[in-house]
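K.L.:
One structure follows; several queries about it will come next.
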Amino acid sequence: MFENGGVDALERIEQRRKGRRDFFRIAATAAVTAPLALTLGGQPVTAQTAVTDADILNFALNLEYLEAQFYLYAVTGTGLPTGLTTGTGTQGAVTGGRKVNFTDPLVAQYANEIASDEQAHVAFLRNALGASAVAQPAIDIGTDPNGAFSTAARAAGLVGAGQSFDPYSSDENFLLGAFIFEDVGVTAYKGASPLITNKTFLEAAAGILAVEAYHAALVRTTLYRKGIQTPALVQATEAISNARDSLDGPSDKDQGIAPRDNASNIAPLDGNGLAYSRSAGEVLNIVYLTQLARTQGGFFPAGVNGNIRTSQAN
C-alpha cells in the first residue's frame, strides 16, 4: 500500500516512546506585545527580526499555501489560481501533485470539502494582510524518491531506500499524506493565538484553528475506520508521529491514532484534554524535515517567505 506505489464547492467557500519530541508552537516564549520578540531554538532573535501580527499571519499563510496546493491537486489535478499566489518575497512554483482516483466516495467528498476550505483560508489571509501578504514559496508535493513526501515516509519506515511514497496513488495514501499536514495546522494556530494582539486577527485565527481541528479529526477518524480492516494504516500514523517527534524538541507532544486505554485517539490532547501548542522553529523542523537550524528544505525547498523562516537546532 505504501510503496511506489471536481471540487464543485471550491468557489463556495498514549503510552508512546519516552523522549519523543515537541511538535509546533508559534513563538511560545515571546511576549504578547507588538512587535513581538521571537525566540527560535532557544536563541533570541535580534530586534531586526521581532515579529508583528502580520508576520505571524504570513507564517500561517505559507502553511496554508502548502495545504491548499496538496488538496487542490488531489481533487482537481490543478492548484491555486495564479491570483492567489503572488505577493512579497520570492514566488515559487509547485513541484508534483496530481489528481487522486478516489475509490471511496466519502473520502472524495471529504477531500473536496477540505480543498475548498484551504483555498478559502489562503484567500482570507491574503485579504487580511493586503499588500503585506507573502507570495507562495516553492513547494514540493511530488512523489520523487528524494522529494519531501518520500523522505518523510522513509523516515517513518513506510518505504525503503530509493523508494517513493505516492500520496496520490490511493485513498489510503492520500489520507496518510493529509495526516502529515493537518495536525500541524491545529497546533500552529493554537500556539499563535496568545501572540496576536489585534482582536480581529485573533478571532480570525481562532476561526481557522477550529476548521483545521475539524479537518484533522476528519482525517484521523477516516484512517481509524479504515484501520479496523487494515491495521497497517493505524501503525503508519504511529510511525509518522514518531518520525515527526524525531525532528523537533525533547518533549512528547505528537500522537498517532492507535487506541489508548480502550478508547480511540481521534483527538491528540494533553493530560488536561487540551490541544498542544508548538513553536515556529518546531513547525519548520517538521516541514523542512530537519533537526537543524535551517532556512529551507523538505516541503519548502527554498524556504518559506516572511520574517519567520528558520527552524530550530535540536
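Ligands are numbered from 1 in the order shown, chains are lettered A, B, ... in the order of the C-alpha cells, and residues start at 1 in each chain.
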May I have the residues within 8 Å of stretch 262-273 of chain A as JSON, numbers by chain, using only C-alpha atoms and disregarding those fewer than 2 positions away in the same chain?
P.N.:
{"A": [217, 220, 221, 224, 253, 254, 255, 256, 257, 258, 259, 260, 275, 276]}
K.L.:
Given the selection you just returned, output its residues as a file containing N, CA, C and O atoms, formatted as a short mmCIF file (atom, residue, chain, number, x, y, z; two decimals), in the first residue's frame.
P.N.:
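Written out: result-v2.cif:
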data_model
loop_
_atom_site.label_atom_id
_atom_site.label_comp_id
_atom_site.auth_asym_id
_atom_site.auth_seq_id
_atom_site.Cartn_x
_atom_site.Cartn_y
_atom_site.Cartn_z
N ALA A 217 -9.54 16.00 12.70
CA ALA A 217 -10.39 14.95 13.26
C ALA A 217 -11.01 14.10 12.17
O ALA A 217 -11.16 12.88 12.31
N ARG A 220 -8.23 11.82 10.81
CA ARG A 220 -7.88 10.81 11.81
C ARG A 220 -9.01 9.78 11.97
O ARG A 220 -8.77 8.59 12.09
N THR A 221 -10.26 10.25 11.96
CA THR A 221 -11.39 9.34 12.08
C THR A 221 -11.48 8.39 10.89
O THR A 221 -11.72 7.19 11.04
N TYR A 224 -8.80 5.87 11.13
CA TYR A 224 -9.13 4.91 12.20
C TYR A 224 -10.16 3.89 11.72
O TYR A 224 -10.04 2.69 11.95
N LYS A 253 4.85 15.31 22.32
CA LYS A 253 3.59 16.01 22.09
C LYS A 253 2.94 15.61 20.77
O LYS A 253 2.13 16.36 20.23
N ASP A 254 3.31 14.47 20.24
CA ASP A 254 2.76 14.05 18.96
C ASP A 254 2.15 12.67 19.09
O ASP A 254 2.71 11.82 19.77
N GLN A 255 1.02 12.45 18.48
CA GLN A 255 0.30 11.19 18.66
C GLN A 255 -0.27 10.67 17.35
O GLN A 255 -0.81 11.45 16.56
N GLY A 256 -0.16 9.35 17.16
CA GLY A 256 -0.87 8.70 16.09
C GLY A 256 -2.29 8.40 16.54
O GLY A 256 -2.79 8.98 17.49
N ILE A 257 -2.93 7.45 15.87
CA ILE A 257 -4.34 7.18 16.16
C ILE A 257 -4.57 5.83 16.83
O ILE A 257 -5.71 5.42 16.99
N ALA A 258 -3.49 5.12 17.22
CA ALA A 258 -3.67 3.82 17.88
C ALA A 258 -4.47 3.99 19.17
O ALA A 258 -4.27 4.96 19.91
N PRO A 259 -5.40 3.05 19.46
CA PRO A 259 -6.22 3.17 20.68
C PRO A 259 -5.37 3.20 21.94
O PRO A 259 -4.32 2.58 22.02
N ARG A 260 -5.85 3.93 22.92
CA ARG A 260 -5.21 4.04 24.22
C ARG A 260 -6.27 3.87 25.30
O ARG A 260 -7.32 4.51 25.24
N ALA A 275 -5.49 20.76 23.33
CA ALA A 275 -4.61 20.60 22.17
C ALA A 275 -3.25 21.19 22.49
O ALA A 275 -3.12 22.12 23.30
N TYR A 276 -2.23 20.66 21.87
CA TYR A 276 -0.87 21.13 22.10
C TYR A 276 -0.59 22.42 21.34
O TYR A 276 -1.23 22.73 20.34
#
K.L.:
Contacts between stretch 289-292 of chain A and stretch 188-251 of chain A, please, where a residue of stretch 188-251 of chain A counts if it comes within 10 Å (with only C-alpha atoms); show its shortest atom pair and distance in Å to one decimal, rows by chain and ascending number, as a tab-separated table.
P.N.:
residue	atom	partner	partner_atom	distance
A:Ala243	CA	A:Leu289	CA	9.5
A:Arg244	CA	A:Leu289	CA	8.3
A:Asp245	CA	A:Gln291	CA	9.9
A:Ser246	CA	A:Gln291	CA	7.7
A:Leu247	CA	A:Gln291	CA	4.7
A:Asp248	CA	A:Gln291	CA	5.9
A:Gly249	CA	A:Gln291	CA	8.6
K.L.:
Measure the distance from atom CA of A:Ala192 to atom CA of A:Ala155 in Å and round it to one decimal.
P.N.:
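Here the two named atoms are 27.8 Å from each other.
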K.L.:
Within 9 Å of stretch 226-237 of chain A, which residues of stretch 152-215 of chain A come that close, and what is the closest atom pair and distance in Å for each? Count only C-alpha atoms and give it as CSV.
P.N.:
residue,atom,partner,partner_atom,distance
A:Ala156,CA,A:Ala236,CA,7.7
A:Gly157,CA,A:Ala236,CA,8.5
A:Leu158,CA,A:Ala236,CA,7.0
A:Glu172,CA,A:Leu233,CA,7.7
A:Leu176,CA,A:Thr237,CA,7.2
A:Phe179,CA,A:Thr237,CA,7.5
A:Ile180,CA,A:Thr237,CA,8.7
K.L.:
If you keep N, CA and C atoms, can you produce a file of those selected residues as a PDB file, in the first residue's frame?
P.N.:
ATOM      1  N   ALA A 156       9.747   7.461   8.442  1.00  0.00           N
ATOM      2  CA  ALA A 156       8.764   6.719   9.225  1.00  0.00           C
ATOM      3  C   ALA A 156       8.817   5.220   8.962  1.00  0.00           C
ATOM      4  N   GLY A 157       9.660   4.780   8.015  1.00  0.00           N
ATOM      5  CA  GLY A 157       9.762   3.361   7.710  1.00  0.00           C
ATOM      6  C   GLY A 157       8.663   2.837   6.824  1.00  0.00           C
ATOM      7  N   LEU A 158       7.931   3.733   6.152  1.00  0.00           N
ATOM      8  CA  LEU A 158       6.847   3.281   5.284  1.00  0.00           C
ATOM      9  C   LEU A 158       7.354   2.826   3.928  1.00  0.00           C
ATOM     10  N   GLU A 172      -6.043   5.606   0.657  1.00  0.00           N
ATOM     11  CA  GLU A 172      -5.313   5.422   1.910  1.00  0.00           C
ATOM     12  C   GLU A 172      -4.031   6.249   1.947  1.00  0.00           C
ATOM     13  N   LEU A 176      -2.922   9.406   4.450  1.00  0.00           N
ATOM     14  CA  LEU A 176      -1.665   9.490   5.194  1.00  0.00           C
ATOM     15  C   LEU A 176      -0.920  10.778   4.859  1.00  0.00           C
ATOM     16  N   PHE A 179      -2.620  13.365   6.786  1.00  0.00           N
ATOM     17  CA  PHE A 179      -2.294  13.221   8.205  1.00  0.00           C
ATOM     18  C   PHE A 179      -1.017  13.981   8.551  1.00  0.00           C
ATOM     19  N   ILE A 180      -0.076  14.008   7.630  1.00  0.00           N
ATOM     20  CA  ILE A 180       1.176  14.726   7.863  1.00  0.00           C
ATOM     21  C   ILE A 180       0.907  16.198   8.112  1.00  0.00           C
TER      22      ILE A 180
END
K.L.:
With the cut-off set at 10 Å and counting only C-alpha atoms, tabulate each residue of stretch 203-265 of chain A with an atom at most that distance from an atom of stretch 121-125 of chain A, showing the nearest atom pair and its distance in Å to one decimal, ordered by chain and increasing number, as a Markdown table.
P.N.:
| residue | atom | partner | partner_atom | distance |
| --- | --- | --- | --- | --- |
| A:Ala204 | CA | A:Leu125 | CA | 8.9 |
| A:Ala205 | CA | A:Leu125 | CA | 9.3 |
| A:Ile208 | CA | A:His121 | CA | 7.3 |
| A:Val211 | CA | A:His121 | CA | 9.6 |
K.L.:
Using only C-alpha atoms, find the one residue out of A:Gly177, A:Gly130, A:Gly185, A:Gly298 that sits nearest to A:Ala111.
P.N.:
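Looking only at the distances to A:Ala111, the closest residue turns out to be A:Gly177.
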K.L.:
Could you please write out, as a VMD selection string, every residue of stretch 101-276 of chain A that DSSP assigns to strand (DSSP E or B)?
P.N.:
chain A and resid 134 139 to 140 260 263 269 275
K.L.:
Could you pull the residues within 10 Å of A:Thr90, counting only C-alpha atoms, minus those fewer than 3 positions along the same chain, as a list in words?
P.N.:
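What passes the distance filter is Thr86, Gly87, Val134, Ala135, Gln136, Pro137, Ala138, Ala302, Gly303, Val304, Asn305 and Gly306 of chain A.
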K.L.:
Those residues you just picked out, can you put them in a file as a PDB file, in the first residue's frame with C-alpha atoms?
P.N.:
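Done, and the output landed in result.pdb:
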ATOM      1  CA  THR A  86       1.519  36.493  -5.698  1.00  0.00           C
ATOM      2  CA  GLY A  87       2.946  38.766  -3.021  1.00  0.00           C
ATOM      3  CA  VAL A 134       3.791  36.986   1.125  1.00  0.00           C
ATOM      4  CA  ALA A 135       3.903  35.149  -2.155  1.00  0.00           C
ATOM      5  CA  GLN A 136       3.634  31.413  -2.347  1.00  0.00           C
ATOM      6  CA  PRO A 137       7.152  29.979  -1.932  1.00  0.00           C
ATOM      7  CA  ALA A 138       8.424  26.984  -3.867  1.00  0.00           C
ATOM      8  CA  ALA A 302      13.698  27.359  -0.953  1.00  0.00           C
ATOM      9  CA  GLY A 303      12.208  28.104   2.460  1.00  0.00           C
ATOM     10  CA  VAL A 304       9.085  29.988   3.435  1.00  0.00           C
ATOM     11  CA  ASN A 305       8.552  33.674   2.766  1.00  0.00           C
ATOM     12  CA  GLY A 306       8.425  36.299   5.506  1.00  0.00           C
TER      13      GLY A 306
END
K.L.:
I need the residue nearest A:Glu212 from this list: A:Ala115, A:Ala131, A:Thr78, A:Gln312. Use only C-alpha atoms for the distance.
P.N.:
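Checking each of A:Ala115, A:Ala131, A:Thr78, A:Gln312 against A:Glu212, counting only C-alpha atoms, the winner is A:Ala115.
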K.L.:
Considering only C-alpha atoms, can you say which of A:Asp53, A:Asp117, A:Leu223, A:Gly297 comes closest to A:Thr200?
P.N.:
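When distances to A:Thr200 are compared using only C-alpha atoms, the smallest one comes from A:Asp53.
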K.L.:
Which of stretch 130-190 of chain A end up as alpha helix (DSSP H) when DSSP is run on this backbone - answer as a VMD selection string?
P.N.:
chain A and resid 148 to 155 171 to 190
K.L.:
List the spatial neighbours of A:Ala161 as a PyMOL selection string - criterion: any atom at most 10 Å away, only C-alpha atoms, same-chain residues fewer than 6 positions off excluded.
P.N.:
chain A and resi 145-146+150-151+154-155
K.L.:
If you keep all heavy atoms, can you produce a file of those selected residues as a compact mmCIF listing (two decimals), in the first residue's frame?
P.N.:
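part.txt written:
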# COMPACT_ATOMS: atom_id res chain seq x y z
N PRO A 145 11.59 9.96 -5.36
CA PRO A 145 12.19 9.24 -4.22
C PRO A 145 12.98 10.13 -3.28
O PRO A 145 13.11 9.82 -2.09
CB PRO A 145 13.09 8.20 -4.89
CG PRO A 145 12.48 7.98 -6.23
CD PRO A 145 11.92 9.32 -6.64
N ASN A 146 13.50 11.25 -3.80
CA ASN A 146 14.25 12.18 -2.97
C ASN A 146 13.43 13.39 -2.56
O ASN A 146 13.97 14.32 -1.94
CB ASN A 146 15.51 12.65 -3.71
CG ASN A 146 16.48 11.51 -3.97
OD1 ASN A 146 16.74 10.70 -3.09
ND2 ASN A 146 17.00 11.44 -5.18
N SER A 150 8.40 11.44 0.05
CA SER A 150 9.14 10.18 0.14
C SER A 150 10.14 10.21 1.28
O SER A 150 10.34 9.20 1.98
CB SER A 150 9.86 9.89 -1.19
OG SER A 150 8.92 9.74 -2.24
N THR A 151 10.78 11.35 1.49
CA THR A 151 11.73 11.48 2.59
C THR A 151 11.03 11.32 3.93
O THR A 151 11.53 10.63 4.83
CB THR A 151 12.44 12.84 2.53
OG1 THR A 151 13.15 12.96 1.29
CG2 THR A 151 13.42 13.01 3.68
N ARG A 154 10.00 7.68 4.30
CA ARG A 154 11.18 6.84 4.56
C ARG A 154 11.62 6.96 6.01
O ARG A 154 11.99 5.98 6.65
CB ARG A 154 12.31 7.22 3.61
CG ARG A 154 13.51 6.28 3.64
CD ARG A 154 14.52 6.64 2.56
NE ARG A 154 13.90 6.61 1.25
CZ ARG A 154 13.68 7.68 0.51
NH1 ARG A 154 14.08 8.88 0.91
NH2 ARG A 154 13.09 7.57 -0.65
N ALA A 155 11.59 8.18 6.56
CA ALA A 155 11.94 8.38 7.96
C ALA A 155 10.99 7.63 8.88
O ALA A 155 11.38 7.20 9.97
CB ALA A 155 11.91 9.88 8.28
K.L.:
Give me the residues near A:Phe174 as an MDAnalysis selection string, where near means some atom within 12 Å (using only C-alpha atoms) and where sequence neighbours in that chain fewer than 2 positions away do not count.
P.N.:
chainID A and resid 1:2 5 70:71 73:75 97:104 107:108 110:111 141 143 149 165:172 176:181 219 222:223 233
K.L.:
Which distance in Å separates atom CA of A:Ala93 and atom CA of A:Asn307, to one decimal?
P.N.:
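Result for atom CA of A:Ala93 versus atom CA of A:Asn307: 20.1 Å, one decimal.
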K.L.:
Tell me, in Å to one decimal, how far atom CA of A:Ala133 is from atom CA of A:Ala280.
P.N.:
18.0 Å
